[in-house]
Structure formats: structure tokens, C-alpha cells
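Engineer: The structure under discussion is supplied below as C-alpha cells; questions concerning it will follow.
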Amino acid sequence: MTLNRRLAATATNLLPEHKPPGSRGQILEAALKLFAERGYAGASIREIAAAAGVKPATIYAHYPSKEHLLAELCRIGHEEQYRSVHAALLNCGANSCDQIVAYVQAHVGMHTTFPMLAVVANAELHALSAELGTTTFALRQQSEQMLVDIIQRGVNNDVFDVQHVWLAVAVIGGMGLRVAYWYSPEYELSAKQVADTYAEYALRILAASPLNHGPTR
């Protein structure tokens, strides 16, 4: 019997800077994989401990609760997304089309590079309390505000033509989030080709003037 997978990715892909040393890192990686594949509610502390090769008591020595594990993963995921889009915008000019292309390429790129992390950071965010989610919620708002500002400037300068800026933000941001569920290195297009194509779609959604942008590749 073949089980339907929640996402295509099978590897956690955590970077060394994401993963603490020793058993703490093993626990975090095991939790990431189980949360990504089963959802936060579908993975118990006992199962996380078994996947990490430690006893449940060891988890509590590092993380006071399962929610603390989720909070750290959500923070790491949103920090990576914010870092990616912020760096991309620093390296492009003031042209609104160039900024949208840079933002979307970085946003999609994060979701193809760290799909499990992206799925957990977004799909399981609802399980975080306001207290444990403070840093993550702030990072998410800052990333969204960057996109709002880019689109609003483009509208103000007659580069973009959309009636509802926030709906455009929701569409462009949301389509990037879904990439984490279906993308894998085995897909017919490379991660860069997917990101470039999504950037082109974003320009179409915004009805960007062809005089203001060139090819996205």
C-alpha cells in the first residue's frame, strides 16, 4: 500500500547554522521531518525521541515542550525567508519590476531549497501561542510588508496596475509557499527555472508595463 505523502521532499536540508550541535540538533531535525510529513499534531514526543535516537527525557532537557520545538523551527524558517528576500532586495536597484523579480526569486528559492522547513514554518504556525511565536510573527510581518511596499510603489508610479494591493501580495506570496509541497530535485525544471518562471507570473499578475522590465532570466 502506498501512502500519500504530504510533500515531495524527503530530506530535511537543514544547514549547519540551522542545526545546533549534538543531541539538540538531532532532536530538532527529527522533529522537522515528522512535523513536515505528519503535521505538528500527528507527531508525539515519544516518536520524535525514537527518530532522533534519544530518550524522551533528553528532549525535555533541551526543549521544555513540543511547542518549543515547533517555535524554534518556525523561527528558523522565517529567519531564512526574511534573510533571503532582504538580501535579494539589497542587491537590486530601485525599479519596482526588478524588485518584484528579486523578491519572488528569493522567496521561491527558499521554498525549493528548504521545503520541509518551509512547510512546517507556514502550515504549522497556527499551533504557536502568541508568546512563543513573537519573533516568528514579527519576521513574517516584516517580509510581507516588504512585498506590500514594492507593489504599492509600483502602483503609485504607474508601473503596476492592480486594484487591491493586499490581494496581490496574498496571491504572489501564497503561490510561492505552495512550491515547498511539490518541488523536488527530480522535477523537470531546476529550482532556478521554477523561481524565474514564478517571477514572470508575478509580473503578469501585477500587469507590469513591458517598458519597465526585461526578461526574468
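Simple scheme: letters A, B, ... for chains in C-alpha cells order, numbers from 1 for residues in each chain, numbers from 1 for ligands in the order shown.
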Skip A:Ala170 itself and residues of its chain fewer than 3 positions away, then list as a JSON list (two decimals) with N, CA and C atoms, in the first residue's frame all residues within 12 Å of it, counting only C-alpha atoms.

Structural biologist:
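Listing of selection-v4.json after writing:
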```json
[["chain", "number", "residue", "atom", "x", "y", "z"],
["A", 144, "GLU", "N", 6.23, 40.33, 4.67],
["A", 144, "GLU", "CA", 5.02, 40.72, 3.94],
["A", 144, "GLU", "C", 5.03, 42.22, 3.63],
["A", 145, "GLN", "N", 5.49, 43.01, 4.61],
["A", 145, "GLN", "CA", 5.49, 44.45, 4.41],
["A", 145, "GLN", "C", 6.44, 44.86, 3.30],
["A", 147, "LEU", "N", 6.96, 43.21, 0.59],
["A", 147, "LEU", "CA", 6.23, 42.96, -0.66],
["A", 147, "LEU", "C", 5.13, 43.99, -0.86],
["A", 148, "VAL", "N", 4.43, 44.34, 0.21],
["A", 148, "VAL", "CA", 3.41, 45.40, 0.13],
["A", 148, "VAL", "C", 4.04, 46.69, -0.38],
["A", 151, "ILE", "N", 4.97, 46.61, -4.17],
["A", 151, "ILE", "CA", 3.80, 46.68, -5.03],
["A", 151, "ILE", "C", 3.14, 48.05, -4.96],
["A", 164, "HIS", "N", -6.27, 45.92, -5.85],
["A", 164, "HIS", "CA", -6.13, 45.60, -4.43],
["A", 164, "HIS", "C", -4.71, 45.12, -4.16],
["A", 165, "VAL", "N", -3.93, 45.98, -3.54],
["A", 165, "VAL", "CA", -2.52, 45.66, -3.28],
["A", 165, "VAL", "C", -2.40, 44.43, -2.38],
["A", 166, "TRP", "N", -3.19, 44.38, -1.31],
["A", 166, "TRP", "CA", -3.05, 43.26, -0.38],
["A", 166, "TRP", "C", -3.41, 41.93, -1.04],
["A", 167, "LEU", "N", -4.42, 41.91, -1.92],
["A", 167, "LEU", "CA", -4.76, 40.67, -2.60],
["A", 167, "LEU", "C", -3.62, 40.23, -3.52],
["A", 173, "GLY", "N", 2.62, 35.91, -2.72],
["A", 173, "GLY", "CA", 3.25, 35.20, -1.60],
["A", 173, "GLY", "C", 2.76, 33.78, -1.47],
["A", 174, "GLY", "N", 1.45, 33.59, -1.63],
["A", 174, "GLY", "CA", 0.86, 32.27, -1.46],
["A", 174, "GLY", "C", 1.31, 31.27, -2.50],
["A", 175, "MET", "N", 1.46, 31.70, -3.74],
["A", 175, "MET", "CA", 1.87, 30.74, -4.77],
["A", 175, "MET", "C", 3.31, 30.29, -4.52],
["A", 176, "GLY", "N", 4.11, 31.15, -3.91],
["A", 176, "GLY", "CA", 5.47, 30.75, -3.55],
["A", 176, "GLY", "C", 5.48, 29.73, -2.44],
["A", 177, "LEU", "N", 4.56, 29.87, -1.48],
["A", 177, "LEU", "CA", 4.50, 28.92, -0.36],
["A", 177, "LEU", "C", 4.21, 27.50, -0.84],
["A", 202, "ALA", "N", 4.45, 36.61, -11.51],
["A", 202, "ALA", "CA", 4.16, 37.73, -10.60],
["A", 202, "ALA", "C", 4.04, 39.03, -11.37],
["A", 205, "ILE", "N", 0.67, 39.04, -12.98],
["A", 205, "ILE", "CA", -0.39, 39.31, -12.01],
["A", 205, "ILE", "C", -0.50, 40.81, -11.74]]
```

Engineer: Can you pull out the residues contacting A:Ala11? Cut-off 9 Å, using only C-alpha atoms, and skip same-chain residues under 3 positions away; I want them as a PyMOL selection string.

Structural biologist: chain A and resi 14+33+114-116

Engineer: Show which residues sit within 8 Å of A:Ser96, as a list in words. Count only C-alpha atoms, and ignore same-chain residues fewer than 6 positions away.

Structural biologist: Ile150, Ile151, Arg153, Gly154 and Val159 of chain A

Engineer: Write to file, as an mmCIF file, in the first residue's frame, the residues of the selection just made, with N, CA and C atoms.

Structural biologist:
```cif
data_model
loop_
_atom_site.group_PDB
_atom_site.id
_atom_site.type_symbol
_atom_site.label_atom_id
_atom_site.label_comp_id
_atom_site.auth_asym_id
_atom_site.auth_seq_id
_atom_site.Cartn_x
_atom_site.Cartn_y
_atom_site.Cartn_z
ATOM 1 N N ILE A 150 6.802 47.225 -2.108
ATOM 2 C CA ILE A 150 7.237 47.145 -3.509
ATOM 3 C C ILE A 150 6.043 47.346 -4.439
ATOM 4 N N ILE A 151 4.970 46.607 -4.165
ATOM 5 C CA ILE A 151 3.798 46.681 -5.034
ATOM 6 C C ILE A 151 3.140 48.054 -4.957
ATOM 7 N N ARG A 153 4.510 50.950 -4.265
ATOM 8 C CA ARG A 153 5.322 51.925 -5.015
ATOM 9 C C ARG A 153 5.113 51.760 -6.513
ATOM 10 N N GLY A 154 5.040 50.507 -6.951
ATOM 11 C CA GLY A 154 4.812 50.266 -8.368
ATOM 12 C C GLY A 154 3.479 50.793 -8.833
ATOM 13 N N VAL A 159 3.626 51.700 -12.639
ATOM 14 C CA VAL A 159 4.368 50.551 -13.170
ATOM 15 C C VAL A 159 3.505 49.295 -13.080
#
```

Engineer: Residues at most 10 Å from stretch 54-70 of chain A, counting only C-alpha atoms, excluding those fewer than 3 positions away in the same chain, as JSON, numbers by chain?

Structural biologist: {"A": [23, 24, 25, 26, 27, 28, 29, 31, 32, 35, 40, 41, 43, 44, 45, 46, 47, 48, 49, 50, 51, 73, 74, 75, 76, 120, 121, 124, 125, 127, 128, 129, 132, 133]}

Engineer: Could you please take those selected residues and save N, CA and C atoms as an mmCIF file, in the first residue's frame?

Structural biologist:
```cif
data_model
loop_
_atom_site.group_PDB
_atom_site.id
_atom_site.type_symbol
_atom_site.label_atom_id
_atom_site.label_comp_id
_atom_site.auth_asym_id
_atom_site.auth_seq_id
_atom_site.Cartn_x
_atom_site.Cartn_y
_atom_site.Cartn_z
ATOM 1 N N SER A 23 22.927 16.307 20.530
ATOM 2 C CA SER A 23 21.585 15.730 20.576
ATOM 3 C C SER A 23 20.500 16.776 20.351
ATOM 4 N N ARG A 24 20.763 18.034 20.712
ATOM 5 C CA ARG A 24 19.768 19.081 20.473
ATOM 6 C C ARG A 24 19.468 19.207 18.983
ATOM 7 N N GLY A 25 20.515 19.160 18.156
ATOM 8 C CA GLY A 25 20.341 19.236 16.711
ATOM 9 C C GLY A 25 19.656 18.006 16.148
ATOM 10 N N GLN A 26 20.002 16.821 16.682
ATOM 11 C CA GLN A 26 19.350 15.589 16.239
ATOM 12 C C GLN A 26 17.849 15.635 16.525
ATOM 13 N N ILE A 27 17.501 16.149 17.680
ATOM 14 C CA ILE A 27 16.093 16.251 18.068
ATOM 15 C C ILE A 27 15.363 17.225 17.152
ATOM 16 N N LEU A 28 15.986 18.363 16.904
ATOM 17 C CA LEU A 28 15.348 19.375 16.057
ATOM 18 C C LEU A 28 15.125 18.838 14.646
ATOM 19 N N GLU A 29 16.107 18.127 14.105
ATOM 20 C CA GLU A 29 15.980 17.581 12.756
ATOM 21 C C GLU A 29 14.907 16.500 12.690
ATOM 22 N N ALA A 31 12.303 16.270 14.659
ATOM 23 C CA ALA A 31 11.006 16.950 14.785
ATOM 24 C C ALA A 31 10.615 17.595 13.461
ATOM 25 N N LEU A 32 11.569 18.195 12.785
ATOM 26 C CA LEU A 32 11.278 18.825 11.497
ATOM 27 C C LEU A 32 10.707 17.810 10.516
ATOM 28 N N PHE A 35 7.163 16.650 11.756
ATOM 29 C CA PHE A 35 6.167 17.724 11.623
ATOM 30 C C PHE A 35 5.832 17.980 10.160
ATOM 31 N N TYR A 40 2.138 18.912 12.951
ATOM 32 C CA TYR A 40 2.530 19.073 14.354
ATOM 33 C C TYR A 40 1.709 18.164 15.265
ATOM 34 N N ALA A 41 0.412 18.101 15.039
ATOM 35 C CA ALA A 41 -0.459 17.299 15.901
ATOM 36 C C ALA A 41 -0.242 15.804 15.711
ATOM 37 N N ALA A 43 2.625 14.140 15.445
ATOM 38 C CA ALA A 43 3.924 13.624 15.905
ATOM 39 C C ALA A 43 4.033 13.808 17.419
ATOM 40 N N SER A 44 4.298 12.733 18.115
ATOM 41 C CA SER A 44 4.403 12.798 19.568
ATOM 42 C C SER A 44 5.860 12.962 19.997
ATOM 43 N N ILE A 45 6.050 13.370 21.232
ATOM 44 C CA ILE A 45 7.403 13.472 21.793
ATOM 45 C C ILE A 45 8.098 12.111 21.752
ATOM 46 N N ARG A 46 7.378 11.058 22.047
ATOM 47 C CA ARG A 46 7.960 9.713 22.030
ATOM 48 C C ARG A 46 8.446 9.354 20.615
ATOM 49 N N GLU A 47 7.660 9.694 19.605
ATOM 50 C CA GLU A 47 8.055 9.392 18.225
ATOM 51 C C GLU A 47 9.251 10.237 17.800
ATOM 52 N N ILE A 48 9.277 11.499 18.216
ATOM 53 C CA ILE A 48 10.418 12.362 17.899
ATOM 54 C C ILE A 48 11.679 11.808 18.549
ATOM 55 N N ALA A 49 11.566 11.380 19.798
ATOM 56 C CA ALA A 49 12.709 10.815 20.509
ATOM 57 C C ALA A 49 13.237 9.566 19.799
ATOM 58 N N ALA A 50 12.312 8.689 19.373
ATOM 59 C CA ALA A 50 12.718 7.470 18.675
ATOM 60 C C ALA A 50 13.437 7.800 17.371
ATOM 61 N N ALA A 51 12.910 8.790 16.622
ATOM 62 C CA ALA A 51 13.532 9.173 15.353
ATOM 63 C C ALA A 51 14.905 9.811 15.571
ATOM 64 N N LEU A 73 11.673 25.829 15.065
ATOM 65 C CA LEU A 73 11.650 25.549 13.627
ATOM 66 C C LEU A 73 10.957 26.669 12.853
ATOM 67 N N CYS A 74 9.859 27.191 13.391
ATOM 68 C CA CYS A 74 9.164 28.306 12.729
ATOM 69 C C CYS A 74 10.059 29.546 12.673
ATOM 70 N N ARG A 75 10.774 29.791 13.764
ATOM 71 C CA ARG A 75 11.682 30.945 13.780
ATOM 72 C C ARG A 75 12.787 30.783 12.743
ATOM 73 N N ILE A 76 13.403 29.611 12.704
ATOM 74 C CA ILE A 76 14.478 29.361 11.739
ATOM 75 C C ILE A 76 13.967 29.533 10.310
ATOM 76 N N VAL A 120 6.706 23.378 7.483
ATOM 77 C CA VAL A 120 6.462 23.454 8.923
ATOM 78 C C VAL A 120 6.288 24.902 9.368
ATOM 79 N N ALA A 121 7.162 25.778 8.899
ATOM 80 C CA ALA A 121 7.129 27.183 9.335
ATOM 81 C C ALA A 121 5.836 27.879 8.946
ATOM 82 N N GLU A 124 2.237 24.971 10.078
ATOM 83 C CA GLU A 124 2.027 24.668 11.491
ATOM 84 C C GLU A 124 2.101 25.904 12.379
ATOM 85 N N LEU A 125 2.208 27.060 11.775
ATOM 86 C CA LEU A 125 2.336 28.309 12.530
ATOM 87 C C LEU A 125 1.135 28.544 13.441
ATOM 88 N N ALA A 127 -0.315 26.641 15.360
ATOM 89 C CA ALA A 127 -0.229 25.931 16.635
ATOM 90 C C ALA A 127 0.599 26.678 17.672
ATOM 91 N N LEU A 128 1.274 27.749 17.256
ATOM 92 C CA LEU A 128 2.116 28.513 18.180
ATOM 93 C C LEU A 128 1.296 29.497 18.996
ATOM 94 N N SER A 129 1.604 29.580 20.269
ATOM 95 C CA SER A 129 0.998 30.599 21.116
ATOM 96 C C SER A 129 1.603 31.952 20.775
ATOM 97 N N LEU A 132 5.221 32.263 22.340
ATOM 98 C CA LEU A 132 6.329 31.559 21.693
ATOM 99 C C LEU A 132 6.504 31.973 20.235
ATOM 100 N N GLY A 133 5.497 32.571 19.663
ATOM 101 C CA GLY A 133 5.584 32.940 18.256
ATOM 102 C C GLY A 133 5.961 34.383 17.995
#
```
